[in-house]
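Dumped work14.json below, it's JSON, C-alpha atoms and all ligand atoms:
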```json
[["chain", "number", "residue", "atom", "x", "y", "z"],
["A", 1, "MET", "CA", 31.11, 75.74, 46.65],
["A", 2, "LYS", "CA", 31.49, 73.03, 49.28],
["A", 3, "ARG", "CA", 30.00, 70.52, 46.84],
["A", 4, "LEU", "CA", 32.40, 71.61, 44.08],
["A", 5, "ILE", "CA", 35.40, 71.09, 46.39],
["A", 6, "CYS", "CA", 34.02, 67.70, 47.37],
["A", 7, "VAL", "CA", 33.72, 66.67, 43.67],
["A", 8, "LEU", "CA", 37.25, 67.94, 42.98],
["A", 9, "VAL", "CA", 38.62, 65.95, 45.92],
["A", 10, "MET", "CA", 36.82, 62.83, 44.71],
["A", 11, "LEU", "CA", 38.10, 63.35, 41.14],
["A", 12, "SER", "CA", 41.66, 63.80, 42.31],
["A", 13, "MET", "CA", 41.35, 60.68, 44.48],
["A", 14, "MET", "CA", 40.13, 58.69, 41.46],
["A", 15, "VAL", "CA", 43.00, 59.96, 39.31],
["A", 16, "MET", "CA", 45.48, 59.10, 42.04],
["A", 17, "GLY", "CA", 43.93, 55.65, 42.36],
["A", 18, "VAL", "CA", 44.30, 54.95, 38.63],
["A", 19, "CYS", "CA", 47.85, 56.29, 38.67],
["A", 20, "GLY", "CA", 48.61, 54.09, 41.66],
["A", 21, "MET", "CA", 47.48, 51.01, 39.72],
["A", 22, "ALA", "CA", 49.52, 51.99, 36.66],
["A", 23, "GLU", "CA", 52.52, 52.53, 38.89],
["A", 24, "ALA", "CA", 52.08, 49.07, 40.42],
["A", 25, "ALA", "CA", 51.88, 47.46, 36.96],
["A", 26, "VAL", "CA", 55.02, 49.24, 35.79],
["A", 27, "GLN", "CA", 56.79, 48.29, 38.99],
["A", 28, "SER", "CA", 56.01, 44.60, 38.56],
["A", 29, "THR", "CA", 57.62, 44.66, 35.09],
["A", 30, "ALA", "CA", 60.50, 46.76, 36.39],
["A", 31, "ASN", "CA", 61.05, 44.13, 39.09],
["A", 32, "GLY", "CA", 61.78, 41.86, 36.17],
["A", 33, "ASP", "CA", 59.74, 38.89, 37.31],
["A", 34, "VAL", "CA", 59.41, 37.81, 33.68],
["A", 35, "LEU", "CA", 61.36, 34.95, 32.17],
["A", 36, "TYR", "CA", 62.26, 35.92, 28.60],
["A", 37, "GLN", "CA", 62.82, 32.99, 26.23],
["A", 38, "VAL", "CA", 64.28, 33.08, 22.72],
["A", 39, "ALA", "CA", 62.68, 30.31, 20.60],
["A", 40, "LEU", "CA", 62.26, 26.78, 21.98],
["A", 41, "LEU", "CA", 64.77, 24.23, 23.18],
["A", 42, "GLN", "CA", 62.85, 21.97, 20.76],
["A", 43, "SER", "CA", 63.75, 24.18, 17.77],
["A", 44, "LEU", "CA", 67.40, 24.27, 18.87],
["A", 45, "VAL", "CA", 67.54, 20.50, 19.37],
["A", 46, "GLN", "CA", 66.04, 19.96, 15.90],
["A", 47, "GLY", "CA", 68.87, 22.02, 14.41],
["A", 48, "TYR", "CA", 67.53, 25.58, 14.19],
["A", 49, "PHE", "CA", 70.82, 27.31, 15.07],
["A", 50, "ASP", "CA", 70.16, 30.65, 13.30],
["A", 51, "GLY", "CA", 70.16, 33.69, 15.54],
["A", 52, "ILE", "CA", 66.73, 35.21, 16.21],
["A", 53, "ILE", "CA", 67.73, 38.29, 18.20],
["A", 54, "THR", "CA", 71.04, 40.01, 18.93],
["A", 55, "VAL", "CA", 73.01, 39.89, 22.17],
["A", 56, "GLY", "CA", 72.28, 43.62, 22.52],
["A", 57, "GLU", "CA", 68.52, 43.01, 22.30],
["A", 58, "LEU", "CA", 68.75, 40.06, 24.72],
["A", 59, "LYS", "CA", 70.41, 42.28, 27.35],
["A", 60, "ALA", "CA", 67.32, 44.54, 27.29],
["A", 61, "HIS", "CA", 65.30, 41.59, 28.65],
["A", 62, "GLY", "CA", 67.49, 40.39, 31.49],
["A", 63, "ASP", "CA", 70.78, 40.56, 33.38],
["A", 64, "THR", "CA", 71.01, 36.88, 34.30],
["A", 65, "GLY", "CA", 70.53, 33.69, 32.30],
["A", 66, "ILE", "CA", 71.77, 30.95, 30.00],
["A", 67, "GLY", "CA", 71.67, 30.10, 26.30],
["A", 68, "THR", "CA", 73.81, 29.66, 23.21],
["A", 69, "PHE", "CA", 74.92, 31.56, 20.10],
["A", 70, "GLU", "CA", 74.41, 31.35, 16.30],
["A", 71, "GLY", "CA", 75.68, 27.98, 15.07],
["A", 72, "VAL", "CA", 75.75, 26.73, 18.70],
["A", 73, "ASN", "CA", 79.05, 28.58, 19.00],
["A", 74, "GLY", "CA", 79.59, 27.90, 22.70],
["A", 75, "GLU", "CA", 77.58, 28.16, 25.90],
["A", 76, "MET", "CA", 76.08, 31.44, 27.11],
["A", 77, "ILE", "CA", 76.27, 32.64, 30.70],
["A", 78, "VAL", "CA", 74.60, 35.97, 31.55],
["A", 79, "LEU", "CA", 75.65, 37.33, 34.92],
["A", 80, "ASP", "CA", 75.33, 40.85, 36.39],
["A", 81, "GLY", "CA", 74.28, 42.18, 32.98],
["A", 82, "VAL", "CA", 77.33, 40.80, 31.14],
["A", 83, "VAL", "CA", 76.91, 38.17, 28.40],
["A", 84, "TYR", "CA", 79.77, 35.63, 28.44],
["A", 85, "GLN", "CA", 80.53, 33.03, 25.77],
["A", 86, "ALA", "CA", 82.24, 29.79, 26.84],
["A", 87, "VAL", "CA", 83.75, 28.72, 23.52],
["A", 88, "SER", "CA", 84.96, 25.29, 22.33],
["A", 89, "ASP", "CA", 88.30, 25.38, 24.21],
["A", 90, "GLY", "CA", 86.49, 26.11, 27.49],
["A", 91, "SER", "CA", 87.70, 29.71, 27.65],
["A", 92, "ILE", "CA", 85.48, 32.78, 27.97],
["A", 93, "VAL", "CA", 85.08, 35.56, 25.41],
["A", 94, "ILE", "CA", 82.77, 38.56, 25.55],
["A", 95, "PRO", "CA", 80.61, 38.54, 22.41],
["A", 96, "SER", "CA", 79.75, 41.76, 20.62],
["A", 97, "ASP", "CA", 76.20, 43.15, 20.86],
["A", 98, "GLU", "CA", 75.76, 42.22, 17.16],
["A", 99, "GLU", "CA", 76.32, 38.49, 17.78],
["A", 100, "THR", "CA", 72.99, 36.60, 17.46],
["A", 101, "VAL", "CA", 71.14, 34.14, 19.67],
["A", 102, "PRO", "CA", 69.06, 31.09, 18.60],
["A", 103, "PHE", "CA", 68.02, 30.06, 22.14],
["A", 104, "SER", "CA", 68.24, 31.65, 25.57],
["A", 105, "ASN", "CA", 66.43, 32.34, 28.83],
["A", 106, "VAL", "CA", 67.11, 35.55, 30.76],
["A", 107, "THR", "CA", 65.47, 37.58, 33.51],
["A", 108, "PHE", "CA", 66.27, 40.58, 35.69],
["A", 109, "PHE", "CA", 67.49, 38.89, 38.85],
["A", 110, "ASP", "CA", 66.20, 39.72, 42.30],
["A", 111, "VAL", "CA", 66.76, 37.52, 45.32],
["A", 112, "ASP", "CA", 63.60, 35.95, 46.77],
["A", 113, "GLU", "CA", 65.25, 33.17, 48.78],
["A", 114, "THR", "CA", 68.70, 31.87, 49.65],
["A", 115, "LEU", "CA", 70.07, 28.46, 50.58],
["A", 116, "THR", "CA", 73.49, 27.48, 51.92],
["A", 117, "LEU", "CA", 74.94, 24.43, 50.20],
["A", 118, "SER", "CA", 77.69, 22.35, 51.81],
["A", 119, "GLY", "CA", 79.24, 19.05, 50.76],
["A", 120, "ILE", "CA", 76.85, 18.28, 47.91],
["A", 121, "ALA", "CA", 78.16, 15.07, 46.31],
["A", 122, "ASP", "CA", 76.71, 15.16, 42.81],
["A", 123, "MET", "CA", 74.18, 16.65, 40.41],
["A", 124, "ALA", "CA", 71.30, 14.56, 41.76],
["A", 125, "ALA", "CA", 72.00, 15.73, 45.33],
["A", 126, "LEU", "CA", 72.29, 19.35, 44.14],
["A", 127, "GLN", "CA", 68.94, 19.13, 42.36],
["A", 128, "ASP", "CA", 67.34, 17.57, 45.48],
["A", 129, "ALA", "CA", 68.64, 20.45, 47.62],
["A", 130, "MET", "CA", 67.46, 23.07, 45.12],
["A", 131, "ASN", "CA", 64.07, 21.32, 44.80],
["A", 132, "SER", "CA", 63.51, 21.65, 48.56],
["A", 133, "VAL", "CA", 63.25, 25.43, 48.08],
["A", 134, "VAL", "CA", 61.29, 25.21, 44.80],
["A", 135, "ASN", "CA", 58.75, 22.80, 46.30],
["A", 136, "ARG", "CA", 58.29, 25.03, 49.35],
["A", 137, "LEU", "CA", 57.84, 28.27, 47.37],
["A", 138, "GLY", "CA", 55.86, 26.69, 44.50],
["A", 139, "ALA", "CA", 56.97, 24.30, 41.76],
["A", 140, "ASN", "CA", 54.73, 25.86, 39.09],
["A", 141, "CYS", "CA", 56.74, 29.08, 38.77],
["A", 142, "PHE", "CA", 60.08, 29.57, 37.03],
["A", 143, "TYR", "CA", 63.28, 30.04, 39.06],
["A", 144, "MET", "CA", 66.50, 31.64, 37.91],
["A", 145, "VAL", "CA", 69.27, 30.79, 40.39],
["A", 146, "LYS", "CA", 72.85, 31.78, 41.07],
["A", 147, "ILE", "CA", 75.04, 29.35, 43.02],
["A", 148, "GLU", "CA", 78.24, 31.10, 44.04],
["A", 149, "GLY", "CA", 81.08, 29.43, 45.89],
["A", 150, "SER", "CA", 83.64, 26.62, 45.68],
["A", 151, "PHE", "CA", 83.12, 23.49, 43.64],
["A", 152, "ASP", "CA", 85.17, 20.40, 44.58],
["A", 153, "SER", "CA", 84.77, 18.94, 41.11],
["A", 154, "LEU", "CA", 83.09, 20.13, 37.97],
["A", 155, "LYS", "CA", 82.68, 18.76, 34.46],
["A", 156, "VAL", "CA", 81.50, 21.30, 31.88],
["A", 157, "ARG", "CA", 81.15, 21.13, 28.15],
["A", 158, "SER", "CA", 81.16, 23.43, 25.18],
["A", 159, "GLU", "CA", 81.18, 22.59, 21.46],
["A", 160, "TYR", "CA", 82.63, 23.57, 18.09],
["A", 161, "LYS", "CA", 80.63, 26.10, 16.08],
["A", 162, "GLN", "CA", 78.42, 24.34, 13.55],
["A", 163, "GLU", "CA", 78.26, 25.12, 9.84],
["A", 164, "LYS", "CA", 75.24, 24.73, 7.56],
["A", 165, "PRO", "CA", 73.50, 22.44, 6.81],
["A", 166, "TYR", "CA", 72.95, 22.10, 10.54],
["A", 167, "ARG", "CA", 72.47, 18.70, 12.15],
["A", 168, "ALA", "CA", 70.23, 17.94, 15.12],
["A", 169, "LEU", "CA", 71.87, 19.20, 18.33],
["A", 170, "ASP", "CA", 72.40, 15.77, 19.92],
["A", 171, "VAL", "CA", 73.97, 14.46, 16.68],
["A", 172, "ALA", "CA", 76.27, 17.51, 16.44],
["A", 173, "LEU", "CA", 77.29, 17.23, 20.11],
["A", 174, "ALA", "CA", 78.08, 13.51, 19.79],
["A", 175, "GLU", "CA", 80.93, 14.56, 17.45],
["A", 176, "ASP", "CA", 81.75, 18.14, 18.36],
["A", 177, "GLN", "CA", 81.34, 18.36, 22.14],
["A", 178, "THR", "CA", 84.41, 19.41, 24.16],
["A", 179, "GLU", "CA", 84.66, 18.68, 27.90],
["A", 180, "PHE", "CA", 86.66, 20.17, 30.74],
["A", 181, "ASP", "CA", 87.22, 18.89, 34.28],
["A", 182, "TYR", "CA", 88.08, 21.18, 37.19],
["A", 183, "GLU", "CA", 88.88, 20.55, 40.83],
["A", 184, "GLY", "CA", 88.58, 23.09, 43.61],
["A", 185, "ILE", "CA", 87.36, 25.85, 41.33],
["A", 186, "ARG", "CA", 85.52, 28.96, 42.53],
["A", 187, "GLY", "CA", 82.79, 30.55, 40.48],
["A", 188, "THR", "CA", 79.07, 30.84, 39.81],
["A", 189, "MET", "CA", 76.58, 28.41, 38.39],
["A", 190, "VAL", "CA", 73.65, 30.16, 36.73],
["A", 191, "GLY", "CA", 70.65, 27.84, 36.61],
["A", 192, "LEU", "CA", 67.11, 27.74, 35.33],
["A", 193, "TYR", "CA", 64.27, 25.70, 36.74],
["A", 194, "CYS", "CA", 61.23, 25.13, 34.49],
["A", 195, "PRO", "CA", 58.01, 23.53, 35.76],
["A", 196, "ASP", "CA", 56.92, 20.13, 34.37],
["A", 197, "TYR", "CA", 54.35, 21.69, 32.02],
["A", 198, "MET", "CA", 57.17, 23.47, 30.13],
["A", 199, "SER", "CA", 58.45, 20.23, 28.58],
["A", 200, "ALA", "CA", 57.00, 21.19, 25.17],
["A", 201, "LEU", "CA", 58.75, 24.59, 25.04],
["A", 202, "ASN", "CA", 61.97, 23.95, 26.98],
["A", 203, "SER", "CA", 63.01, 21.15, 29.31],
["A", 204, "SER", "CA", 61.41, 20.72, 32.72],
["A", 205, "GLY", "CA", 63.62, 20.76, 35.81],
["A", 206, "TRP", "CA", 67.13, 22.18, 36.09],
["A", 207, "HIS", "CA", 69.69, 23.41, 33.56],
["A", 208, "PHE", "CA", 73.01, 24.87, 34.80],
["A", 209, "HIS", "CA", 75.86, 26.78, 33.17],
["A", 210, "PHE", "CA", 79.08, 27.74, 35.00],
["A", 211, "ILE", "CA", 81.57, 30.60, 34.91],
["A", 212, "SER", "CA", 84.72, 30.75, 37.02],
["A", 213, "GLU", "CA", 85.27, 33.54, 39.55],
["A", 214, "ASP", "CA", 88.08, 35.00, 37.39],
["A", 215, "ARG", "CA", 85.73, 34.84, 34.36],
["A", 216, "THR", "CA", 88.18, 32.80, 32.27],
["A", 217, "ARG", "CA", 86.56, 29.31, 32.17],
["A", 218, "GLY", "CA", 83.01, 28.05, 31.76],
["A", 219, "GLY", "CA", 80.43, 25.86, 30.05],
["A", 220, "HIS", "CA", 77.28, 23.76, 30.36],
["A", 221, "VAL", "CA", 77.44, 21.77, 33.61],
["A", 222, "LEU", "CA", 77.43, 17.97, 33.18],
["A", 223, "GLN", "CA", 78.66, 16.88, 36.63],
["A", 224, "VAL", "CA", 79.34, 18.76, 39.86],
["A", 225, "SER", "CA", 80.16, 18.37, 43.53],
["A", 226, "VAL", "CA", 79.73, 21.48, 45.66],
["A", 227, "GLY", "CA", 82.09, 22.35, 48.49],
["A", 228, "GLU", "CA", 80.58, 25.45, 50.05],
["A", 229, "ALA", "CA", 78.22, 27.73, 48.16],
["A", 230, "GLU", "CA", 75.33, 30.15, 48.52],
["A", 231, "ALA", "CA", 72.36, 29.67, 46.23],
["A", 232, "ALA", "CA", 70.10, 32.65, 45.47],
["A", 233, "PHE", "CA", 66.64, 32.03, 43.98],
["A", 234, "ASP", "CA", 64.60, 34.44, 41.85],
["A", 235, "MET", "CA", 61.00, 33.17, 41.77],
["A", 236, "THR", "CA", 59.58, 34.27, 38.44],
["A", 237, "ASP", "CA", 55.87, 34.29, 37.59],
["A", 238, "GLY", "CA", 55.88, 35.88, 34.13],
["A", 239, "PHE", "CA", 56.86, 34.37, 30.78],
["A", 240, "GLU", "CA", 57.58, 35.97, 27.40],
["A", 241, "MET", "CA", 58.78, 34.21, 24.26],
["A", 242, "ILE", "CA", 60.14, 35.52, 20.95],
["A", 243, "LEU", "CA", 60.00, 33.37, 17.79],
["A", 244, "SER", "CA", 61.34, 33.60, 14.26],
["A", 245, "ARG", "CA", 59.08, 34.55, 11.33],
["A", 246, "GLU", "CA", 61.56, 32.99, 8.94],
["A", 247, "ASN", "CA", 60.36, 30.18, 6.60],
["A", 248, "VAL", "CA", 62.59, 27.36, 7.83],
["A", 249, "PHE", "CA", 61.47, 28.02, 11.41],
["A", 250, "GLN", "CA", 57.82, 28.20, 10.33],
["A", 251, "GLY", "CA", 58.20, 24.84, 8.53],
["A", 252, "MET", "CA", 59.44, 23.03, 11.62],
["A", 253, "GLU", "CA", 57.35, 20.39, 13.37],
["A", 254, "LEU", "CA", 57.76, 21.80, 16.85],
["A", 255, "ALA", "CA", 55.23, 19.60, 18.62],
["A", 256, "LYS", "CA", 57.28, 16.50, 17.74],
["A", 257, "ASP", "CA", 58.46, 14.67, 20.88],
["A", 258, "VAL", "CA", 62.24, 15.25, 21.03],
["A", 259, "ASN", "CA", 62.61, 14.68, 24.77],
["A", 260, "GLU", "CA", 65.13, 11.84, 24.33],
["A", 261, "ALA", "CA", 67.29, 14.00, 22.07],
["A", 262, "ILE", "CA", 67.04, 16.86, 24.61],
["A", 263, "HIS", "CA", 68.11, 14.51, 27.41],
["A", 264, "ARG", "CA", 71.09, 13.33, 25.31],
["A", 265, "ALA", "CA", 72.04, 16.91, 24.39],
["A", 266, "GLU", "CA", 71.92, 18.10, 28.00],
["A", 267, "THR", "CA", 73.52, 15.21, 29.85],
["A", 268, "ALA", "CA", 75.67, 13.04, 27.55],
["A", 269, "THR", "CA", 79.43, 12.97, 28.04],
["A", 270, "VAL", "CA", 81.93, 12.04, 25.33],
["A", 271, "GLY", "CA", 81.83, 8.29, 24.65],
["A", 272, "ASN", "CA", 78.57, 7.98, 26.60],
["A", 273, "ASN", "CA", 75.83, 9.25, 24.37],
["A", 274, "ASP", "CA", 72.85, 7.66, 26.05],
["B", 1, "ZN", "ZN", 73.26, 24.27, 28.52]]
```
Represent the structure contained in this file as structure tokens.
Ligand SMILES: [Zn+2]
Amino acid sequence: MKRLICVLVMLSMMVMGVCGMAEAAVQSTANGDVLYQVALLQSLVQGYFDGIITVGELKAHGDTGIGTFEGVNGEMIVLDGVVYQAVSDGSIVIPSDEETVPFSNVTFFDVDETLTLSGIADMAALQDAMNSVVNRLGANCFYMVKIEGSFDSLKVRSEYKQEKPYRALDVALAEDQTEFDYEGIRGTMVGLYCPDYMSALNSSGWHFHFISEDRTRGGHVLQVSVGEAEAAFDMTDGFEMILSRENVFQGMELAKDVNEAIHRAETATVGNND
């Protein structure tokens, strides 16, 4: 009898142990430390602007992030579970869940580290400050960040929705980019840091989008100086990507080096497309 009880106790301990492991695995996913990516920046830059998943589906994979919409119809900002669309006139609309997405990165945000920013003169200085945290915690993980506060000056861009046949993104933006300058504006920059090795699937380093505190203005950040702001970092060690099975996508040469076009698409201002 004693032996039977002993075996039962051991069995129940084993079952509990297995359950404990399963619980831990579920918890790690529930913590959301997975960066979810729709397609490649390389497919977007080469002109694949067709939506691959819906906004509704995207929201199931994250509450914070950046991206764009079918036809590159504006810049996407995902914040606190809401998907915002900064359209060509710089204003914000809330897209329906049926709207589709050709490129995006989202994650479920949790704060791993914070940094106070004060008197940051330009984009290079902002990236240096943000890199001090990334380099300390580990530059080979992904980071989703939220920078909330006051911005002394800010230049953001959006673009006109493209019609088929689609051009390469940098070519389309050279004609159809719209830019907006703000001074003393409050709001949140949502940013993504990708490690150097991601340069074949996305762009390495930082990519920021902005939305104003009153949620009326926003876009892809070209230039910035930060007054006072708090940056929150979500260190992310998982990666998941969804691709299109569609023929045009499958026919694309996605290993082609388009880094110069990506650089132009991310940084060029009107009348300065180099
Ligand atoms: Zn962008």
Margin query: Using all atoms listed in the file, which residues have at least one atom no more than 12 Å from ligand ZN 1 (chain B)? Output them as a PyMOL selection string.
Written below: chain A and resi 41+44-45+65-69+72-77+85-86+103-105+156-159+169+173+177+189-192+202-203+206-210+218-222+262-268
Check: Quick one: of A:Gly138, A:Gly71, A:Gly81, A:Gly119, who's nearest to Tyr166 (chain A), counting only C-alpha atoms?
Finding: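 Distance minimum relative to Tyr166 (chain A) lands on A:Gly71.
Nearest to Glu228 (chain A) of all the residues A:Gln46, A:Ser244, A:Ser153, A:Thr216 is A:Ser153, based on all atoms listed in the file.
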Give the centre and edge lengths of an axis-aligned box, in Å to one decimal, that holds all listed atoms of region 237-247 of chain A with 5 Å on each side, as lines of an AutoDock Vina configuration file.
```
center_x = 58.7
center_y = 33.1
center_z = 22.1
size_x = 15.7
size_y = 15.8
size_z = 41.0
```
Note to self: Quick check, in Å to one decimal: how far apart do CA of Val87 (chain A) and CA of Thr178 (chain A) lie?
What the structure shows: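 Going from CA of Val87 (chain A) over to CA of Thr178 (chain A), I get 9.4 Å.
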Note to self: Please return as a list in words every residue within 12 Å of (66.9, 42.3, 46.5), taking into account all atoms listed in the file and the file's own coordinates.
What the structure shows: Asn31, Gly32, Phe108, Phe109, Asp110, Val111, Asp112, Glu113, Thr114, Ala232, Phe233, Asp234 and Met235 of chain A
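Each of A:Leu154, A:Val226, A:Leu137, A:Ile147 was checked against Glu179 (chain A) using all atoms listed in the file; the smallest atom-to-atom distance is that of A:Leu154.
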Spatial neighbours of Ala139 (chain A), 10 Å, all atoms listed in the file, chain gap at least 5 places, as a PDB file with C-alpha atoms, keeping the file's coordinate frame:
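Wrote out11.pdb, looks like this:
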```
ATOM      1  CA  ASN A 131      64.070  21.320  44.800  1.00  0.00           C
ATOM      2  CA  SER A 132      63.510  21.650  48.560  1.00  0.00           C
ATOM      3  CA  VAL A 133      63.250  25.430  48.080  1.00  0.00           C
ATOM      4  CA  VAL A 134      61.290  25.210  44.800  1.00  0.00           C
ATOM      5  CA  TYR A 193      64.270  25.700  36.740  1.00  0.00           C
ATOM      6  CA  CYS A 194      61.230  25.130  34.490  1.00  0.00           C
ATOM      7  CA  PRO A 195      58.010  23.530  35.760  1.00  0.00           C
ATOM      8  CA  ASP A 196      56.920  20.130  34.370  1.00  0.00           C
ATOM      9  CA  GLY A 205      63.620  20.760  35.810  1.00  0.00           C
ATOM     10  CA  MET A 235      61.000  33.170  41.770  1.00  0.00           C
TER      11      MET A 235
END
```
Next item on the list: Tell me, in Å to one decimal, how far CA of Arg215 (chain A) is from CA of Val270 (chain A).
Entry: 24.8 Å
Checklist line | Nearest-residue call for Val34 (chain A), choices A:Cys141, A:Ala124, A:Val224, A:Val82, using all atoms listed in the file | finding: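 Ranked by minimum distance to Val34 (chain A), first place goes to A:Cys141.
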